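Working notes, structure below.
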There are 2 protein chains.
Amino acid sequence: MTSAAEIPDTETVPEEPPGGGEPARVAGGIPEATVARLPVYLRALYTLAERGANTVSSDELAVCAGVNSAKLRKDLSHLGSYGIRGVGYDVEYLVYQVSRALGLTQNWSVVIVGAGNLGRALANYGGFLTRGFQISAILDSDPSLVGRPIGPVTVRHVTELESVITSNSVAIGVIATPAGAAQVVCDRLVAAGVTSILNFAPMVLSVPDGVDVRKVDLSIELQILAFHAQRRFAERFGQESDSVAEA
Amino acid sequence: MTSAAEIPDTETVPEEPPGGGEPARVAGGIPEATVARLPVYLRALYTLAERGANTVSSDELAVCAGVNSAKLRKDLSHLGSYGIRGVGYDVEYLVYQVSRALGLTQNWSVVIVGAGNLGRALANYGGFLTRGFQISAILDSDPSLVGRPIGPVTVRHVTELESVITSNSVAIGVIATPAGAAQVVCDRLVAAGVTSILNFAPMVLSVPDGVDVRKVDLSIELQILAFHAQRRFAERFGQESDSVAEA
DNA sequence: GTGACTTTGTGCATTTGTTCACAAACGACG
DNA sequence: CGTCGTTTGTGAACAAATGCACAAAGTCAC
Ligand SMILES: NC(=O)c1ccc[n+]([C@@H]2O[C@H](COP(=O)([O-])OP(=O)(O)OC[C@H]3O[C@@H](n4cnc5c(N)ncnc54)[C@H](O)[C@@H]3O)[C@@H](O)[C@H]2O)c1
Ligand SMILES: NC(=O)c1ccc[n+]([C@@H]2O[C@H](COP(=O)([O-])OP(=O)(O)OC[C@H]3O[C@@H](n4cnc5c(N)ncnc54)[C@H](O)[C@@H]3O)[C@@H](O)[C@H]2O)c1
C-alpha cells in the first residue's frame with residue numbers, strides 16, 4: 001500500500017492519440033494494478049523454471065500466482081504478445097520479458113537508513129538481493145553501531161548519506177528509522193537525488209512531485225485483518241447486517 | 001509519476017446477499033479501499049490528539065493522512081455521520097468510531113511463527129502492541145532458540161503451536177519462517193482455528209475459504225519502485241514509449 | 001433572529017480494474 | 001491440406017474507486 005501522492009502527476013503525460021477504447025492504459029502503458037502483480041508472476045515463473053517447466057499455460061501460472069487466469073492474460077498482454085496459442089508461454093522468455101518490464105535487467109542500488117532491529121533484518125536478508133537489487137550501504141545515527149558488519153555491508157554514520165548516494169548512484173532509499181526521524185531522513189534522501197523510497201516508519205511522508213514513496217506498515221496490515229476478523233465474528237453471531245444499510 | 005497502488009491482498013471471498021445497486025458496498029458495509037485507509041486516518045487522529053486538537057476538519061485530516069479530502073469524507077461517511085457541519089470532526093469521538101469500525105475496541109492476540117531476524121524484530125517492536133494487539137507467543141523450530149527472551153515473550157518450540165493458540169484464543173497468526181516452511185505452518189495455524197494470517201514469507205499461501213491472508217513482501221515493493229524509477233528514467237531520455245507500448 | 005460563512009455528506013460523472021466469453025491462432029495428427 | 005483440440009488475446013459488460021461540485025446543515029457575530 002502506498003500512501004504518498006496519488007497525484008496524477010502531469011509531467012509529460014503525453015496525449016496518446018486515442019489508440020482505441022482502451023480503458024486502463026497509463027502513461028507507461030501498464031496499469032498500476034498490473035504492475036503490482038508482475039512481481040508475483042515473476043516469482044511464480046522462477047519457481048516453475050526451477051521445477052523444470054519449459055512452458056506454462058495461463059491457467060497453471062494463474063494458480064501458482066493465486067489469481068484469475070483471465071486477469072493474468074490481460075496483465076501479460078500489456079507487456080506484449082508473448083504467448084503461443086494452443087501452447088502457453090515459454091517460461092524462460094516470459095521471465096525475461098517480465099523482468100525487462102519491471103526494470104530488473106539493470107541493477108538497482110539500495111541504501112538502508114536505520115540499523116535498528118528492522119534495518120538489520122533487512123540488511124541480513126539475502127532474499128531480495130538475488131535479483132536486481134544490491135544493498136550498497138546501511139546508515140545509522142548511533143555512533144556505537146558504526147563499523148558493525150551487517151550482512152554484506154558495514155554500518156556507516158548517517159552523515160555520509162549524501163556521499164554514499166552519489167558515489168553509488170543509489171536509486172532506492174529504505175527508511176527504517178523511528179517515525180520521528182523519518183521525514184528528515186526522507187528530505188535528505190530526496191535532496192541527494194533519490195526518487196524511490198520505501199518507508200517502514202509509521203508515518204506519512206511528504207515528498208515533492210516526481211518522488212515515488214511506498215510504505216510497508218505492519219500495524220495497518222494487522223488492523224485490516226482485525227476488521228475482517230471482527231466482521232466474520234459478528235456474522236457468526238447472527239448479527240445480521242440487516243438491510244444494506246442505506247444510511 | 002508517483003504511483004500509489006493500494007493492493008488488496010485479501011483472499012477471502014465476502015459472502016454477500018445480492019445486495020443490489022450500490023456500487024462500492026461490501027458485506028460489512030465498508031468498501032475494501034476504505035478499510036485500508038482507516039488505519040491511516042486513525043494514526044493521523046492520534047497524532048492530532050497528542051498535539052492537543054479537539055476538532056479537525058476533513059481538509060486538515062486529509063492533509064495529515066495524505067489523501068484527498070473528498071475521499072476522506074466519503075470514507076468516514078461509511079462509518080456513520082459523525083461530523084458537524086461548519087465545524088469538523090471531534091477528534092476523540094472520531095478516534096473511538098474508527099477504532100470501533102476496525103474492531104480495535106477488543107484486544108487481539110498475535111502469535112509469531114519464526115524467530116529469525118524478522119520474527120525477532122517484530123517481537124521486539126513495541127509500536128503495534130500499543131493499541132489493540134498483543135503478542136502472546138513466538139515460536140520456532142530451532143531448539144537452540146527456545147527459551148530465549150524476545151521482547152515481551154520467550155521463544156517456545158513450534159510443537160506448542162496448537163496449545164498456544166487454543167489457550168490464548170489467538171486470532172492472528174504471523175508467519176516469519178522461510179518460504180519452504182510457510183505453507184506447512186499456515187496449514188497448522190488454520191487447523192488450530194486461526195482465520196487471520198499475516199505472511200512475510202515470499203510465497204503464495206493457499207488457504208480454505210473463510211481464512212484471511214495478507215502478505216507483506218519487500219521484494220514486491222522494491223520491484224514496483226524499480227518499475228516506476230525505470231519509467232521516469234526512460235522518459236527523461238526521450239525513450240518514446242511508442243515502439244515499446246504497441247508491438 | 002438574521003445573515004454571512006464554514007464544512008459536511010453525497011449525487012454524479014469519470015476513471016480504473018475485473019471478469020466473462022469467444023474468435024482467432026496455433027500445434028498435432030492423419 | 002484439412003480438421004481437431006487447445007490456449008491466447010481481447011471486446012464488452014460489469015464492478016469498484018475516485019474526485020468534483022454543491023445543497024444542506026451547521027456555527028458564529030451581532
Ligand atoms: N521492528 C519491526 O518489526 C517494525 C515493524 C513495523 C514498523 N517498524 C518501524 O520501523 C522503524 C524501525 O524499527 P526498528 O524496530 O528497527 O527500530 P529501532 O529503534 O530498533 O531502530 C531504529 C534505528 O534508527 C536509528 N536512527 C534514529 N534516528 C536516526 C537518524 N536520524 N538517522 C539515521 N538513523 C537513525 C537508531 O539509532 C536506531 O538504530 C520504526 O519506525 C518502526 O516503527 C518496525
Ligand atoms: N528479514 C527480512 O528483512 C525479510 C524481508 C522480506 C521477507 N522476509 C521473509 O521473512 C521470512 C523470515 O525471514 P528471516 O530473515 O527472519 O529468516 P531467518 O532465517 O532469519 O529466520 C527464519 C526462522 O524460522 C525458523 N523456522 C524454520 N522452519 C520453521 C518451522 N517449520 N516452524 C517454525 N519456525 C521455523 C528458523 O529456525 C528461523 O529461526 C522469510 O521467509 C523471508 O523470506 C524477510
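Here, A, B, ... name the chains of the C-alpha cells in the order displayed, residue numbers run from 1 inside each chain, and ligands are numbered from 1 in the same displayed order.
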
Quick one: which residues from chain A are at most 9 Å off chain C, using only C-alpha atoms (C1' of nucleotides), as a count of residues only? 11

Neighbouring residues of ligand 2 are defined here as those with any atom at most 9 Å from a ligand atom, counting only C-alpha atoms (C1' of nucleotides) and all ligand atoms; list them as an NGL selection string. (:A and (118-128)) or (:B and (113-121 or 139-145 or 157-159 or 175-182 or 184-185 or 199-203 or 216-219))

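When every C-alpha of chain B is superposed on its counterpart in chain A by least squares, the root-mean-square deviation equals 4.0 Å.
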
Rank B:Trp108, B:Tyr46, B:Tyr96, B:Phe237 by their smallest atom-to-atom distance to chain A, using only C-alpha atoms, and report the top residue only. B:Trp108

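Distance-wise, atom CA of Glu32 of chain A and atom CA of Asp75 of chain A end up 10.3 Å apart.
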
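Put simply, atom CA of Asp187 of chain A is 17.9 Å away from atom CA of Val63 of chain B.
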
Give the alpha helix (DSSP H) residues of segment 6-189 of chain A, as DSSP finds them on the backbone, and put them as a ChimeraX atom specification. /A:32-50,58-65,69-77,91-102,117-124,161-168,179-189

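Minimum atom-to-atom distance to chain B, evaluated using only C-alpha atoms (C1' of nucleotides), belongs to D:DC20 out of D:DC20, D:DC30, D:DC1, D:DA12.
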
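Minimum distance to Arg214 of chain A across B:Ala226, B:Leu72, B:Ile112, B:Val146 (counting only C-alpha atoms) occurs at B:Ala226.
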
Can you list, as a ChimeraX atom specification, every protein, DNA or RNA residue that comes within 9 Å of Asn107 of chain B when you count only C-alpha atoms (C1' of nucleotides), leaving out same-chain residues fewer than 2 positions away? /B:103-105,109,131-134

Dump all heavy atoms for the selected residues as a PDB file, in the first residue's frame?
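again.pdb, freshly written:
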```pdb
ATOM      1  N   GLY B 103     -12.571  -2.721  14.707  1.00  0.00           N
ATOM      2  CA  GLY B 103     -12.548  -3.849  15.636  1.00  0.00           C
ATOM      3  C   GLY B 103     -11.434  -3.745  16.638  1.00  0.00           C
ATOM      4  O   GLY B 103     -10.948  -4.749  17.166  1.00  0.00           O
ATOM      5  N   LEU B 104     -11.019  -2.529  16.944  1.00  0.00           N
ATOM      6  CA  LEU B 104      -9.891  -2.347  17.859  1.00  0.00           C
ATOM      7  C   LEU B 104     -10.352  -2.066  19.283  1.00  0.00           C
ATOM      8  O   LEU B 104      -9.540  -1.782  20.155  1.00  0.00           O
ATOM      9  CB  LEU B 104      -8.997  -1.206  17.371  1.00  0.00           C
ATOM     10  CG  LEU B 104      -8.449  -1.398  15.959  1.00  0.00           C
ATOM     11  CD1 LEU B 104      -7.573  -0.237  15.580  1.00  0.00           C
ATOM     12  CD2 LEU B 104      -7.690  -2.712  15.857  1.00  0.00           C
ATOM     13  N   THR B 105     -11.651  -2.145  19.508  1.00  0.00           N
ATOM     14  CA  THR B 105     -12.115  -1.952  20.868  1.00  0.00           C
ATOM     15  C   THR B 105     -11.918  -3.233  21.674  1.00  0.00           C
ATOM     16  O   THR B 105     -11.987  -3.228  22.894  1.00  0.00           O
ATOM     17  CB  THR B 105     -13.596  -1.530  20.892  1.00  0.00           C
ATOM     18  OG1 THR B 105     -14.327  -2.377  20.005  1.00  0.00           O
ATOM     19  CG2 THR B 105     -13.752  -0.089  20.431  1.00  0.00           C
ATOM     20  N   SER B 109      -5.040 -11.124  20.021  1.00  0.00           N
ATOM     21  CA  SER B 109      -3.856 -11.858  20.399  1.00  0.00           C
ATOM     22  C   SER B 109      -3.111 -12.313  19.139  1.00  0.00           C
ATOM     23  O   SER B 109      -3.716 -12.806  18.200  1.00  0.00           O
ATOM     24  CB  SER B 109      -4.296 -13.068  21.230  1.00  0.00           C
ATOM     25  OG  SER B 109      -3.235 -13.935  21.441  1.00  0.00           O
ATOM     26  N   ARG B 131      -1.842  -0.475  20.634  1.00  0.00           N
ATOM     27  CA  ARG B 131      -3.289  -0.383  20.557  1.00  0.00           C
ATOM     28  C   ARG B 131      -3.905  -1.667  20.021  1.00  0.00           C
ATOM     29  O   ARG B 131      -3.821  -1.956  18.841  1.00  0.00           O
ATOM     30  CB  ARG B 131      -3.726   0.754  19.644  1.00  0.00           C
ATOM     31  CG  ARG B 131      -2.772   1.900  19.613  1.00  0.00           C
ATOM     32  CD  ARG B 131      -3.385   3.173  20.147  1.00  0.00           C
ATOM     33  NE  ARG B 131      -2.506   4.288  19.867  1.00  0.00           N
ATOM     34  CZ  ARG B 131      -2.349   5.306  20.693  1.00  0.00           C
ATOM     35  NH1 ARG B 131      -2.992   5.363  21.824  1.00  0.00           N
ATOM     36  NH2 ARG B 131      -1.537   6.300  20.376  1.00  0.00           N
ATOM     37  N   GLY B 132      -4.473  -2.401  20.910  1.00  0.00           N
ATOM     38  CA  GLY B 132      -5.330  -3.493  20.456  1.00  0.00           C
ATOM     39  C   GLY B 132      -4.645  -4.818  20.165  1.00  0.00           C
ATOM     40  O   GLY B 132      -5.317  -5.834  20.105  1.00  0.00           O
ATOM     41  N   PHE B 133      -3.341  -4.813  19.954  1.00  0.00           N
ATOM     42  CA  PHE B 133      -2.678  -6.063  19.606  1.00  0.00           C
ATOM     43  C   PHE B 133      -1.672  -6.460  20.676  1.00  0.00           C
ATOM     44  O   PHE B 133      -0.918  -5.631  21.173  1.00  0.00           O
ATOM     45  CB  PHE B 133      -1.988  -5.941  18.248  1.00  0.00           C
ATOM     46  CG  PHE B 133      -2.941  -5.644  17.141  1.00  0.00           C
ATOM     47  CD1 PHE B 133      -3.157  -4.335  16.729  1.00  0.00           C
ATOM     48  CD2 PHE B 133      -3.647  -6.662  16.516  1.00  0.00           C
ATOM     49  CE1 PHE B 133      -4.058  -4.052  15.705  1.00  0.00           C
ATOM     50  CE2 PHE B 133      -4.548  -6.385  15.506  1.00  0.00           C
ATOM     51  CZ  PHE B 133      -4.757  -5.081  15.101  1.00  0.00           C
ATOM     52  N   GLN B 134      -1.659  -7.735  20.954  1.00  0.00           N
ATOM     53  CA  GLN B 134      -0.771  -8.234  21.988  1.00  0.00           C
ATOM     54  C   GLN B 134      -0.094  -9.509  21.516  1.00  0.00           C
ATOM     55  O   GLN B 134      -0.756 -10.463  21.103  1.00  0.00           O
ATOM     56  CB  GLN B 134      -1.586  -8.542  23.250  1.00  0.00           C
ATOM     57  CG  GLN B 134      -0.744  -9.068  24.380  1.00  0.00           C
ATOM     58  CD  GLN B 134      -1.584  -9.336  25.611  1.00  0.00           C
ATOM     59  OE1 GLN B 134      -2.814  -9.216  25.569  1.00  0.00           O
ATOM     60  NE2 GLN B 134      -0.936  -9.717  26.690  1.00  0.00           N
TER      61      GLN B 134
END
```

Considering only C-alpha atoms (C1' of nucleotides), extract the chain A residues located within 10 Å of chain D and return them as number ranges by chain. A: 21, 57-59, 70, 73-74, 76-77, 81-89
